[in-house]
Every structure is written in C-alpha cells, then in structure tokens.
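K.L.:
Input structure: target10.cif, which contains mmCIF, C-alpha atoms (C1' of nucleotides); chains and numbers go by the auth columns.
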data_query
#
loop_
_atom_site.group_PDB
_atom_site.id
_atom_site.type_symbol
_atom_site.label_atom_id
_atom_site.label_comp_id
_atom_site.label_asym_id
_atom_site.label_seq_id
_atom_site.Cartn_x
_atom_site.Cartn_y
_atom_site.Cartn_z
_atom_site.B_iso_or_equiv
_atom_site.auth_seq_id
_atom_site.auth_asym_id
ATOM 1 C CA MET A 1 0.000 0.000 0.000 0.00 1329 A
ATOM 2 C CA THR A 2 2.514 2.574 1.086 0.00 1330 A
ATOM 3 C CA GLY A 3 5.368 2.618 -1.371 0.00 1331 A
ATOM 4 C CA LYS A 4 8.577 4.500 -1.535 0.00 1332 A
ATOM 5 C CA ASN A 5 8.647 7.741 -3.391 0.00 1333 A
ATOM 6 C CA VAL A 6 5.654 9.099 -1.498 0.00 1334 A
ATOM 7 C CA LEU A 7 5.376 12.815 -0.892 0.00 1335 A
ATOM 8 C CA PRO A 8 3.372 14.080 2.073 0.00 1336 A
ATOM 9 C CA GLN A 9 -0.334 14.259 1.296 0.00 1337 A
ATOM 10 C CA ALA A 10 -0.846 17.416 3.309 0.00 1338 A
ATOM 11 C CA PHE A 11 0.606 20.081 1.063 0.00 1339 A
ATOM 12 C CA PRO A 12 -1.507 23.240 1.168 0.00 1340 A
ATOM 13 C CA ARG A 13 -3.208 24.205 -2.031 0.00 1341 A
ATOM 14 C CA LEU A 14 -2.249 27.267 -4.041 0.00 1342 A
ATOM 15 C CA GLU A 15 -4.595 30.183 -3.485 0.00 1343 A
ATOM 16 C CA ARG A 16 -5.722 33.052 -5.638 0.00 1344 A
ATOM 17 C CA PRO A 17 -2.773 35.425 -5.088 0.00 1345 A
ATOM 18 C CA PHE A 18 -0.367 32.805 -6.435 0.00 1346 A
ATOM 19 C CA PHE A 19 -2.105 32.886 -9.806 0.00 1347 A
ATOM 20 C CA ALA A 20 -2.815 36.635 -9.820 0.00 1348 A
ATOM 21 C CA ARG A 21 0.630 37.375 -11.280 0.00 1349 A
ATOM 22 C CA ASP A 22 1.991 37.563 -14.801 0.00 1350 A
ATOM 23 C CA GLY A 23 2.256 34.405 -16.887 0.00 1351 A
ATOM 24 C CA ILE A 24 6.050 34.175 -16.756 0.00 1352 A
ATOM 25 C CA THR A 25 6.195 34.432 -12.986 0.00 1353 A
ATOM 26 C CA VAL A 26 3.436 31.861 -12.560 0.00 1354 A
ATOM 27 C CA SER A 27 5.136 29.550 -15.094 0.00 1355 A
ATOM 28 C CA ARG A 28 8.400 29.568 -13.179 0.00 1356 A
ATOM 29 C CA GLU A 29 6.737 29.286 -9.787 0.00 1357 A
ATOM 30 C CA LEU A 30 4.606 26.326 -10.873 0.00 1358 A
ATOM 31 C CA LEU A 31 7.683 24.160 -11.420 0.00 1359 A
ATOM 32 C CA GLY A 32 7.835 21.643 -8.576 0.00 1360 A
ATOM 33 C CA LYS A 33 4.227 22.260 -7.535 0.00 1361 A
ATOM 34 C CA ILE A 34 1.773 19.367 -7.575 0.00 1362 A
ATOM 35 C CA LEU A 35 -1.154 19.108 -9.966 0.00 1363 A
ATOM 36 C CA VAL A 36 -3.983 17.059 -8.458 0.00 1364 A
ATOM 37 C CA HIS A 37 -6.929 15.553 -10.301 0.00 1365 A
ATOM 38 C CA ASP A 38 -9.579 13.019 -9.359 0.00 1366 A
ATOM 39 C CA THR A 39 -10.014 10.365 -12.040 0.00 1367 A
ATOM 40 C CA PRO A 40 -12.093 7.188 -12.381 0.00 1368 A
ATOM 41 C CA PHE A 41 -9.000 5.301 -11.182 0.00 1369 A
ATOM 42 C CA GLY A 42 -8.583 7.522 -8.119 0.00 1370 A
ATOM 43 C CA THR A 43 -6.707 10.711 -7.368 0.00 1371 A
ATOM 44 C CA VAL A 44 -3.629 11.367 -9.472 0.00 1372 A
ATOM 45 C CA ARG A 45 -0.874 13.747 -8.381 0.00 1373 A
ATOM 46 C CA GLY A 46 1.920 14.969 -10.658 0.00 1374 A
ATOM 47 C CA ILE A 47 4.929 17.158 -9.944 0.00 1375 A
ATOM 48 C CA ILE A 48 5.033 19.891 -12.582 0.00 1376 A
ATOM 49 C CA THR A 49 8.316 19.782 -14.514 0.00 1377 A
ATOM 50 C CA GLU A 50 7.675 21.883 -17.612 0.00 1378 A
ATOM 51 C CA THR A 51 5.546 24.926 -18.430 0.00 1379 A
ATOM 52 C CA GLU A 52 5.077 27.598 -21.071 0.00 1380 A
ATOM 53 C CA SER A 53 3.891 31.178 -20.683 0.00 1381 A
ATOM 54 C CA TYR A 54 1.301 32.807 -22.874 0.00 1382 A
ATOM 55 C CA MET A 55 1.261 36.497 -22.210 0.00 1383 A
ATOM 56 C CA GLY A 56 -2.120 37.714 -23.320 0.00 1384 A
ATOM 57 C CA GLU A 57 -3.489 39.857 -26.106 0.00 1385 A
ATOM 58 C CA THR A 58 -0.094 41.180 -27.258 0.00 1386 A
ATOM 59 C CA ASP A 59 1.463 37.692 -27.488 0.00 1387 A
ATOM 60 C CA LYS A 60 1.312 36.497 -31.092 0.00 1388 A
ATOM 61 C CA ALA A 61 1.423 32.870 -29.968 0.00 1389 A
ATOM 62 C CA SER A 62 -1.582 33.234 -27.686 0.00 1390 A
ATOM 63 C CA HIS A 63 -5.087 32.155 -28.618 0.00 1391 A
ATOM 64 C CA ALA A 64 -6.071 35.520 -27.151 0.00 1392 A
ATOM 65 C CA TYR A 65 -3.766 37.459 -29.474 0.00 1393 A
ATOM 66 C CA GLY A 66 -5.328 40.668 -30.678 0.00 1394 A
ATOM 67 C CA GLY A 67 -8.083 40.416 -28.093 0.00 1395 A
ATOM 68 C CA ARG A 68 -9.784 37.324 -29.435 0.00 1396 A
ATOM 69 C CA ARG A 69 -12.259 36.722 -26.653 0.00 1397 A
ATOM 70 C CA THR A 70 -14.449 33.884 -27.899 0.00 1398 A
ATOM 71 C CA VAL A 71 -16.309 30.995 -26.328 0.00 1399 A
ATOM 72 C CA ARG A 72 -13.115 28.978 -26.594 0.00 1400 A
ATOM 73 C CA THR A 73 -10.688 31.522 -25.120 0.00 1401 A
ATOM 74 C CA GLU A 74 -13.078 32.754 -22.456 0.00 1402 A
ATOM 75 C CA PRO A 75 -11.486 30.785 -19.572 0.00 1403 A
ATOM 76 C CA MET A 76 -8.186 32.601 -20.117 0.00 1404 A
ATOM 77 C CA TYR A 77 -9.999 35.854 -19.435 0.00 1405 A
ATOM 78 C CA HIS A 78 -11.274 34.602 -16.110 0.00 1406 A
ATOM 79 C CA ASP A 79 -9.588 34.856 -12.724 0.00 1407 A
ATOM 80 C CA GLY A 80 -6.078 33.535 -12.280 0.00 1408 A
ATOM 81 C CA GLY A 81 -6.360 29.875 -11.310 0.00 1409 A
ATOM 82 C CA THR A 82 -9.030 29.064 -13.898 0.00 1410 A
ATOM 83 C CA SER A 83 -8.340 26.021 -16.077 0.00 1411 A
ATOM 84 C CA TYR A 84 -8.262 26.338 -19.862 0.00 1412 A
ATOM 85 C CA VAL A 85 -8.414 22.951 -21.563 0.00 1413 A
ATOM 86 C CA TYR A 86 -8.795 22.744 -25.319 0.00 1414 A
ATOM 87 C CA LEU A 87 -8.602 20.155 -28.053 0.00 1415 A
ATOM 88 C CA ILE A 88 -5.625 20.165 -30.364 0.00 1416 A
ATOM 89 C CA TYR A 89 -5.110 18.324 -33.635 0.00 1417 A
ATOM 90 C CA GLY A 90 -8.529 16.827 -33.201 0.00 1418 A
ATOM 91 C CA MET A 91 -7.272 14.186 -30.792 0.00 1419 A
ATOM 92 C CA TYR A 92 -5.341 15.605 -27.836 0.00 1420 A
ATOM 93 C CA CYS A 93 -6.017 18.059 -25.052 0.00 1421 A
ATOM 94 C CA CYS A 94 -3.781 20.838 -23.770 0.00 1422 A
ATOM 95 C CA MET A 95 -4.190 22.015 -20.201 0.00 1423 A
ATOM 96 C CA ASN A 96 -3.515 25.596 -19.167 0.00 1424 A
ATOM 97 C CA ILE A 97 -4.061 27.635 -16.031 0.00 1425 A
ATOM 98 C CA ALA A 98 -5.079 31.268 -16.391 0.00 1426 A
ATOM 99 C CA ALA A 99 -2.821 33.815 -14.715 0.00 1427 A
ATOM 100 C CA MET A 100 -3.381 37.464 -13.764 0.00 1428 A
ATOM 101 C CA THR A 101 -6.953 38.589 -13.154 0.00 1429 A
ATOM 102 C CA GLU A 102 -10.357 38.775 -14.811 0.00 1430 A
ATOM 103 C CA GLY A 103 -10.021 40.403 -18.225 0.00 1431 A
ATOM 104 C CA ILE A 104 -6.261 39.857 -18.644 0.00 1432 A
ATOM 105 C CA PRO A 105 -5.757 36.554 -20.488 0.00 1433 A
ATOM 106 C CA HIS A 106 -2.322 35.402 -19.394 0.00 1434 A
ATOM 107 C CA ALA A 107 -2.013 31.617 -19.239 0.00 1435 A
ATOM 108 C CA VAL A 108 0.433 28.844 -18.401 0.00 1436 A
ATOM 109 C CA LEU A 109 0.494 25.696 -20.501 0.00 1437 A
ATOM 110 C CA ILE A 110 1.391 22.680 -18.380 0.00 1438 A
ATOM 111 C CA ARG A 111 3.694 20.604 -20.576 0.00 1439 A
ATOM 112 C CA GLY A 112 4.997 17.911 -18.252 0.00 1440 A
ATOM 113 C CA VAL A 113 4.616 16.213 -14.883 0.00 1441 A
ATOM 114 C CA VAL A 114 6.144 13.216 -13.140 0.00 1442 A
ATOM 115 C CA PRO A 115 4.090 11.084 -10.737 0.00 1443 A
ATOM 116 C CA ALA A 116 4.315 12.359 -7.148 0.00 1444 A
ATOM 117 C CA ASP A 117 3.811 8.920 -5.588 0.00 1445 A
ATOM 118 C CA ASP A 118 3.520 5.259 -6.519 0.00 1446 A
ATOM 119 C CA LYS A 119 -0.268 5.236 -6.655 0.00 1447 A
ATOM 120 C CA SER A 120 -0.233 8.132 -9.084 0.00 1448 A
ATOM 121 C CA GLU A 121 2.303 6.375 -11.275 0.00 1449 A
ATOM 122 C CA GLU A 122 0.152 3.256 -11.295 0.00 1450 A
ATOM 123 C CA ARG A 123 -2.992 5.210 -12.172 0.00 1451 A
ATOM 124 C CA MET A 124 -1.250 7.264 -14.850 0.00 1452 A
ATOM 125 C CA THR A 125 -0.063 4.061 -16.463 0.00 1453 A
ATOM 126 C CA LEU A 126 -3.606 2.671 -16.373 0.00 1454 A
ATOM 127 C CA LEU A 127 -4.995 5.843 -17.952 0.00 1455 A
ATOM 128 C CA ARG A 128 -2.330 5.765 -20.646 0.00 1456 A
ATOM 129 C CA LYS A 129 -2.971 2.111 -21.414 0.00 1457 A
ATOM 130 C CA GLU A 130 -6.713 2.625 -21.454 0.00 1458 A
ATOM 131 C CA ARG A 131 -6.249 5.396 -23.992 0.00 1459 A
ATOM 132 C CA ALA A 132 -3.852 3.325 -26.062 0.00 1460 A
ATOM 133 C CA GLY A 133 -7.119 1.741 -27.062 0.00 1461 A
ATOM 134 C CA SER A 134 -8.685 -1.461 -28.232 0.00 1462 A
ATOM 135 C CA GLY A 135 -6.027 -2.235 -30.800 0.00 1463 A
ATOM 136 C CA GLY A 136 -3.292 -0.992 -28.490 0.00 1464 A
ATOM 137 C CA ARG A 137 -0.662 -3.669 -28.526 0.00 1465 A
ATOM 138 C CA LYS A 138 2.109 -1.366 -27.370 0.00 1466 A
ATOM 139 C CA THR A 139 1.832 -2.222 -23.682 0.00 1467 A
ATOM 140 C CA SER A 140 4.973 -0.624 -22.252 0.00 1468 A
ATOM 141 C CA VAL A 141 4.644 3.017 -21.251 0.00 1469 A
ATOM 142 C CA SER A 142 8.067 4.315 -20.275 0.00 1470 A
ATOM 143 C CA LEU A 143 8.267 6.440 -17.142 0.00 1471 A
ATOM 144 C CA LYS A 144 10.048 9.173 -19.048 0.00 1472 A
ATOM 145 C CA HIS A 145 7.198 9.499 -21.498 0.00 1473 A
ATOM 146 C CA LEU A 146 4.411 8.747 -19.054 0.00 1474 A
ATOM 147 C CA ALA A 147 3.266 12.361 -18.761 0.00 1475 A
ATOM 148 C CA ASP A 148 5.785 14.540 -20.607 0.00 1476 A
ATOM 149 C CA GLY A 149 4.157 16.584 -23.322 0.00 1477 A
ATOM 150 C CA PRO A 150 0.832 18.406 -23.007 0.00 1478 A
ATOM 151 C CA GLY A 151 -1.200 15.684 -24.743 0.00 1479 A
ATOM 152 C CA ARG A 152 0.304 12.797 -22.819 0.00 1480 A
ATOM 153 C CA LEU A 153 -0.029 14.725 -19.564 0.00 1481 A
ATOM 154 C CA CYS A 154 -3.764 15.177 -20.085 0.00 1482 A
ATOM 155 C CA ILE A 155 -4.220 11.492 -20.870 0.00 1483 A
ATOM 156 C CA ALA A 156 -2.124 10.393 -17.883 0.00 1484 A
ATOM 157 C CA MET A 157 -4.024 12.676 -15.503 0.00 1485 A
ATOM 158 C CA GLY A 158 -7.461 12.020 -16.966 0.00 1486 A
ATOM 159 C CA ILE A 159 -7.899 15.661 -17.967 0.00 1487 A
ATOM 160 C CA THR A 160 -10.510 16.290 -20.654 0.00 1488 A
ATOM 161 C CA ARG A 161 -12.543 19.213 -21.934 0.00 1489 A
ATOM 162 C CA ALA A 162 -14.959 18.425 -19.109 0.00 1490 A
ATOM 163 C CA ASP A 163 -12.260 20.015 -16.937 0.00 1491 A
ATOM 164 C CA ASN A 164 -12.289 23.271 -18.890 0.00 1492 A
ATOM 165 C CA ASP A 165 -13.093 26.557 -17.139 0.00 1493 A
ATOM 166 C CA VAL A 166 -12.793 25.123 -13.627 0.00 1494 A
ATOM 167 C CA ASP A 167 -11.768 27.442 -10.807 0.00 1495 A
ATOM 168 C CA MET A 168 -8.807 25.482 -9.468 0.00 1496 A
ATOM 169 C CA VAL A 169 -8.700 27.610 -6.319 0.00 1497 A
ATOM 170 C CA GLU A 170 -12.164 26.419 -5.320 0.00 1498 A
ATOM 171 C CA SER A 171 -12.471 22.940 -6.861 0.00 1499 A
ATOM 172 C CA GLU A 172 -12.236 19.844 -4.660 0.00 1500 A
ATOM 173 C CA SER A 173 -11.234 17.580 -7.549 0.00 1501 A
ATOM 174 C CA PHE A 174 -8.845 19.654 -9.687 0.00 1502 A
ATOM 175 C CA TYR A 175 -6.257 21.933 -8.085 0.00 1503 A
ATOM 176 C CA VAL A 176 -2.569 22.629 -7.426 0.00 1504 A
ATOM 177 C CA THR A 177 -0.690 22.276 -4.141 0.00 1505 A
ATOM 178 C CA GLU A 178 2.714 23.217 -2.848 0.00 1506 A
ATOM 179 C CA GLY A 179 5.386 20.654 -3.710 0.00 1507 A
ATOM 180 C CA ILE A 180 9.124 20.308 -3.959 0.00 1508 A
ATOM 181 C CA SER A 181 11.309 23.390 -3.879 0.00 1509 A
ATOM 182 C CA VAL A 182 13.162 24.170 -7.086 0.00 1510 A
ATOM 183 C CA ARG A 183 16.250 26.356 -7.012 0.00 1511 A
ATOM 184 C CA PRO A 184 16.331 29.141 -9.606 0.00 1512 A
ATOM 185 C CA GLU A 185 19.607 27.764 -10.969 0.00 1513 A
ATOM 186 C CA ASP A 186 17.853 24.482 -11.721 0.00 1514 A
ATOM 187 C CA ILE A 187 15.319 26.177 -13.986 0.00 1515 A
ATOM 188 C CA CYS A 188 16.081 26.185 -17.720 0.00 1516 A
ATOM 189 C CA ALA A 189 14.407 28.405 -20.294 0.00 1517 A
ATOM 190 C CA GLY A 190 13.883 27.712 -23.979 0.00 1518 A
ATOM 191 C CA LYS A 191 11.714 28.617 -26.925 0.00 1519 A
ATOM 192 C CA ARG A 192 8.087 27.628 -26.884 0.00 1520 A
ATOM 193 C CA ILE A 193 7.164 24.597 -28.954 0.00 1521 A
ATOM 194 C CA GLY A 194 4.959 24.431 -32.017 0.00 1522 A
ATOM 195 C CA ILE A 195 4.234 28.113 -32.541 0.00 1523 A
ATOM 196 C CA ASP A 196 6.217 28.762 -35.724 0.00 1524 A
ATOM 197 C CA TYR A 197 3.466 31.085 -36.964 0.00 1525 A
ATOM 198 C CA ALA A 198 4.086 33.523 -34.106 0.00 1526 A
ATOM 199 C CA GLN A 199 6.907 35.444 -35.855 0.00 1527 A
ATOM 200 C CA GLU A 200 9.312 37.132 -33.429 0.00 1528 A
ATOM 201 C CA ALA A 201 7.328 35.803 -30.480 0.00 1529 A
ATOM 202 C CA ALA A 202 8.375 32.292 -31.523 0.00 1530 A
ATOM 203 C CA ASP A 203 11.886 33.112 -30.292 0.00 1531 A
ATOM 204 C CA TYR A 204 10.980 34.324 -26.814 0.00 1532 A
ATOM 205 C CA LEU A 205 12.361 32.080 -24.083 0.00 1533 A
ATOM 206 C CA TRP A 206 9.021 31.508 -22.435 0.00 1534 A
ATOM 207 C CA ARG A 207 9.240 27.766 -21.912 0.00 1535 A
ATOM 208 C CA PHE A 208 10.547 26.670 -18.520 0.00 1536 A
ATOM 209 C CA TYR A 209 11.621 23.279 -17.282 0.00 1537 A
ATOM 210 C CA ILE A 210 13.493 21.701 -14.419 0.00 1538 A
ATOM 211 C CA LYS A 211 17.035 20.738 -15.305 0.00 1539 A
ATOM 212 C CA LEU A 212 17.238 16.968 -14.968 0.00 1540 A
ATOM 213 C CA PRO A 213 19.821 15.585 -12.548 0.00 1541 A
ATOM 214 C CA GLN A 214 22.529 14.299 -14.861 0.00 1542 A
ATOM 215 C "C1'" DC B 1 18.312 8.501 -32.120 0.00 292 B
ATOM 216 C "C1'" DG B 2 16.334 11.977 -35.406 0.00 293 B
ATOM 217 C "C1'" DG B 3 13.118 12.991 -38.931 0.00 294 B
ATOM 218 C "C1'" DC B 4 8.752 12.264 -41.297 0.00 295 B
ATOM 219 C "C1'" DT B 5 3.719 11.333 -41.483 0.00 296 B
ATOM 220 C "C1'" DG B 6 -1.080 10.076 -40.698 0.00 297 B
ATOM 221 C "C1'" DA B 7 -4.737 10.553 -37.463 0.00 298 B
ATOM 222 C "C1'" DT B 8 -8.877 13.658 -36.528 0.00 299 B
ATOM 223 C "C1'" DC B 9 -12.195 17.692 -35.269 0.00 300 B
ATOM 224 C "C1'" DG B 10 -13.440 22.260 -33.013 0.00 301 B
ATOM 225 C "C1'" DT B 11 -12.718 26.727 -34.129 0.00 302 B
ATOM 226 C "C1'" DG B 12 -12.529 30.921 -36.797 0.00 303 B
ATOM 227 C "C1'" DA C 1 -8.228 25.096 -43.816 0.00 389 C
ATOM 228 C "C1'" DC C 2 -5.408 24.399 -39.978 0.00 390 C
ATOM 229 C "C1'" DG C 3 -3.242 23.563 -35.449 0.00 391 C
ATOM 230 C "C1'" DA C 4 0.449 25.312 -28.170 0.00 392 C
ATOM 231 C "C1'" DT C 5 0.643 16.900 -30.614 0.00 393 C
ATOM 232 C "C1'" DC C 6 1.683 11.982 -30.506 0.00 394 C
ATOM 233 C "C1'" DA C 7 2.890 7.321 -31.878 0.00 395 C
ATOM 234 C "C1'" DG C 8 4.665 4.555 -35.168 0.00 396 C
ATOM 235 C "C1'" DC C 9 7.715 3.813 -38.729 0.00 397 C
ATOM 236 C "C1'" DC C 10 11.659 4.449 -41.245 0.00 398 C
ATOM 237 C "C1'" DG C 11 16.702 4.781 -42.135 0.00 399 C
ATOM 238 C "C1'" DA C 12 21.210 5.325 -40.138 0.00 400 C
#
Would you kindly transcribe this structure into structure tokens?

P.N.:
Amino acid sequence: MTGKNVLPQAFPRLERPFFARDGITVSRELLGKILVHDTPFGTVRGIITETESYMGETDKASHAYGGRRTVRTEPMYHDGGTSYVYLIYGMYCCMNIAAMTEGIPHAVLIRGVVPADDKSEERMTLLRKERAGSGGRKTSVSLKHLADGPGRLCIAMGITRADNDVDMVESESFYVTEGISVRPEDICAGKRIGIDYAQEAADYLWRFYIKLPQ
DNA sequence: CGGCTGATCGTG
DNA sequence: ACGATCAGCCGA
C-alpha cells in the first residue's frame, strides 16, 4: 500500500494570489508544484516539470492574441487559477491555467509532470494504457514518457474538456498544491514549442523546465 | 536517435 | 483550412 517515493499528502493548495501574477512568474513558480486531479482510477498527483507562458493579447502565440475573446478563449480571461483545456489536432487536449486577473488573459500551458507517488504512477499508467485503445498492442509506457508533453499529460491525468473553465482555487477535484522546492539555478528556459506562426514571439524564451539531474 | 507522417475535429 | 501533438515507422 505505502510505497517508496511518497510525498506528504498534506501540502496546502495554491490560493488566488499565487495565480494573480503575470504568466512568466506563474510559469516559473509552478515548477515543482503538484497538480492534483480526481479520475475514475482515483486521485492522481503529478509534480510539474515543464511549463510555457502565454502572455495575453499582445502575445502572437496566444489564442487571445489581438483580443480574441471567444467561447473557446473565455477561460483565459477569467480569474487567475481558472483552467483552460482545449482540443488540439482533433485528438489531444492541452491544459492551461489562467494567470493574472479577470479580463487579462495570461495563461500557463502545463507541458509535463512526473508522478508524485507510486499510486499516481500506477494510475497514470492505467490511464495511458486505457487510452492506447482497443487495438493498443504497445503495452509498455516508459516512465520518461508517461506524462511529458501536453497531450500525454492530459491522458495520464485524466484531464478532458470536461475540466475546462474550472476554478482550481475552489475545486475539490482539480487543483494545485505546494510541492518540492526548485532552485532558480535548476530552472532552464527555452523557446516555446509548435508556434512557428508567431513570428518574433516564436523566439521568446518563455518555456521553462526543471534541469534533470545528470 | 532523429526525422517524417497520418490521425482527426473544433474553431474561426 | 489548420493547429500550443503523438505514436509509429523508417533509415542510419
């Protein structure tokens, strides 16, 4: 039942002021925090290892660029701490958390987590295998690729569009808690992925990840 | 290991 | 039409 690799269950959750800051600050600060979601297999907890910042209406890579406030982008305009989950390429979900405050659509794309405890690892593997589908004969899901990448992360944590526009400060089933501390010197920055259309904004170093222990 | 490609659908 | 992607396949 109790395995190794178990982090304390009692981490406090992140409250509104944490999210009420700009997207870059929230991106960096989210590294090491724990994303928690209740799934049909039980609660899954993942330590956030990789994020990207989307900086609102002036950011050419943002869905809200130029002030596009539509049904889809609406959650980004809500209070910091609101989830923004959307479908990409017709088959995957990307999970973001709104930053700043009502009306200012900063957001943080969660790009990677690692399981925070053995139960979470087990459940993530089940969710991945379930998704692999009826014909899925590829049975091995490597730990490295269990939940790295926005699409895989959503599968491994059971996050779907049903989890869109949730206030993660208030929800009992979808939220973020404190986690491991990450030293600033262990944070790497790079270019955001898959936004080639965003011109000069494609070169901004607004992707953050924890340097892996080599 | 790195590069290419098909899958698949809501949104603008 | 097209994309904030992934898995599988290919060749090296």

K.L.:
Could you tell me, as a PyMOL selection string, exactly which residues end up selected when the PyMOL selection byres ((chain C) within 12 of (chain A)) is applied to this structure?

P.N.:
chain C and resi 390-396

K.L.:
Quick one: which residues end up in the PyMOL selection byres ((chain B) within 10 of (chain A)) for this structure, as a PyMOL selection string?

P.N.:
chain B and resi 298-303

K.L.:
Grab all the atoms of range 296-302 of chain B that the file lists, wrap them in a box along x, y and z, add 5 Å per side, and give me centre plus edge lengths in Å (one decimal) as lines of an AutoDock Vina configuration file.

P.N.:
center_x = -4.9
center_y = 18.4
center_z = -37.2
size_x = 27.2
size_y = 26.7
size_z = 18.5

K.L.:
Would you mind reading off the distance between CA of Phe1369 in chain A and CA of Val1497 in chain A, one decimal, in Å?

P.N.:
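Going from CA of Phe1369 in chain A over to CA of Val1497 in chain A, I get 22.8 Å.
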
K.L.:
Using all atoms listed in the file, collect all residues at a distance of at most 12 Å from (16.2, 24.2, -14.7) as written in the file, then present them as a tab-separated table (two decimals) with C-alpha atoms, in the coordinates of the input.

P.N.:
chain	number	residue	atom	x	y	z
A	1356	ARG	CA	8.40	29.57	-13.18
A	1357	GLU	CA	6.74	29.29	-9.79
A	1359	LEU	CA	7.68	24.16	-11.42
A	1360	GLY	CA	7.84	21.64	-8.58
A	1377	THR	CA	8.32	19.78	-14.51
A	1378	GLU	CA	7.68	21.88	-17.61
A	1379	THR	CA	5.55	24.93	-18.43
A	1509	SER	CA	11.31	23.39	-3.88
A	1510	VAL	CA	13.16	24.17	-7.09
A	1511	ARG	CA	16.25	26.36	-7.01
A	1512	PRO	CA	16.33	29.14	-9.61
A	1513	GLU	CA	19.61	27.76	-10.97
A	1514	ASP	CA	17.85	24.48	-11.72
A	1515	ILE	CA	15.32	26.18	-13.99
A	1516	CYS	CA	16.08	26.18	-17.72
A	1517	ALA	CA	14.41	28.40	-20.29
A	1518	GLY	CA	13.88	27.71	-23.98
A	1535	ARG	CA	9.24	27.77	-21.91
A	1536	PHE	CA	10.55	26.67	-18.52
A	1537	TYR	CA	11.62	23.28	-17.28
A	1538	ILE	CA	13.49	21.70	-14.42
A	1539	LYS	CA	17.04	20.74	-15.30
A	1540	LEU	CA	17.24	16.97	-14.97
A	1541	PRO	CA	19.82	15.58	-12.55
A	1542	GLN	CA	22.53	14.30	-14.86

K.L.:
Using CA of Gly1431 in chain A and CA of Val1494 in chain A as the two end points, give the distance in Å to one decimal.

P.N.:
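Here the two named atoms are 16.2 Å from each other.
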
K.L.:
Dump as a list in words all residues having an atom at most 12 Å from (6.4, 13.8, -43.0), computed in the file's coordinates with all atoms listed in the file.

P.N.:
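Answer for this query, in the requested form: DG294, DC295, DT296 and DG297 of chain B; DC397 and DC398 of chain C.
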
K.L.:
Kindly give the distance, in Å, that separates CA of Ser1499 in chain A and CA of Ser1355 in chain A, rounded to a single decimal.

P.N.:
20.5 Å

K.L.:
Give me the result of the PyMOL selection byres ((chain A and resi 1342) around 7) on this file, residue by residue, as a count of residues only.

P.N.:
9
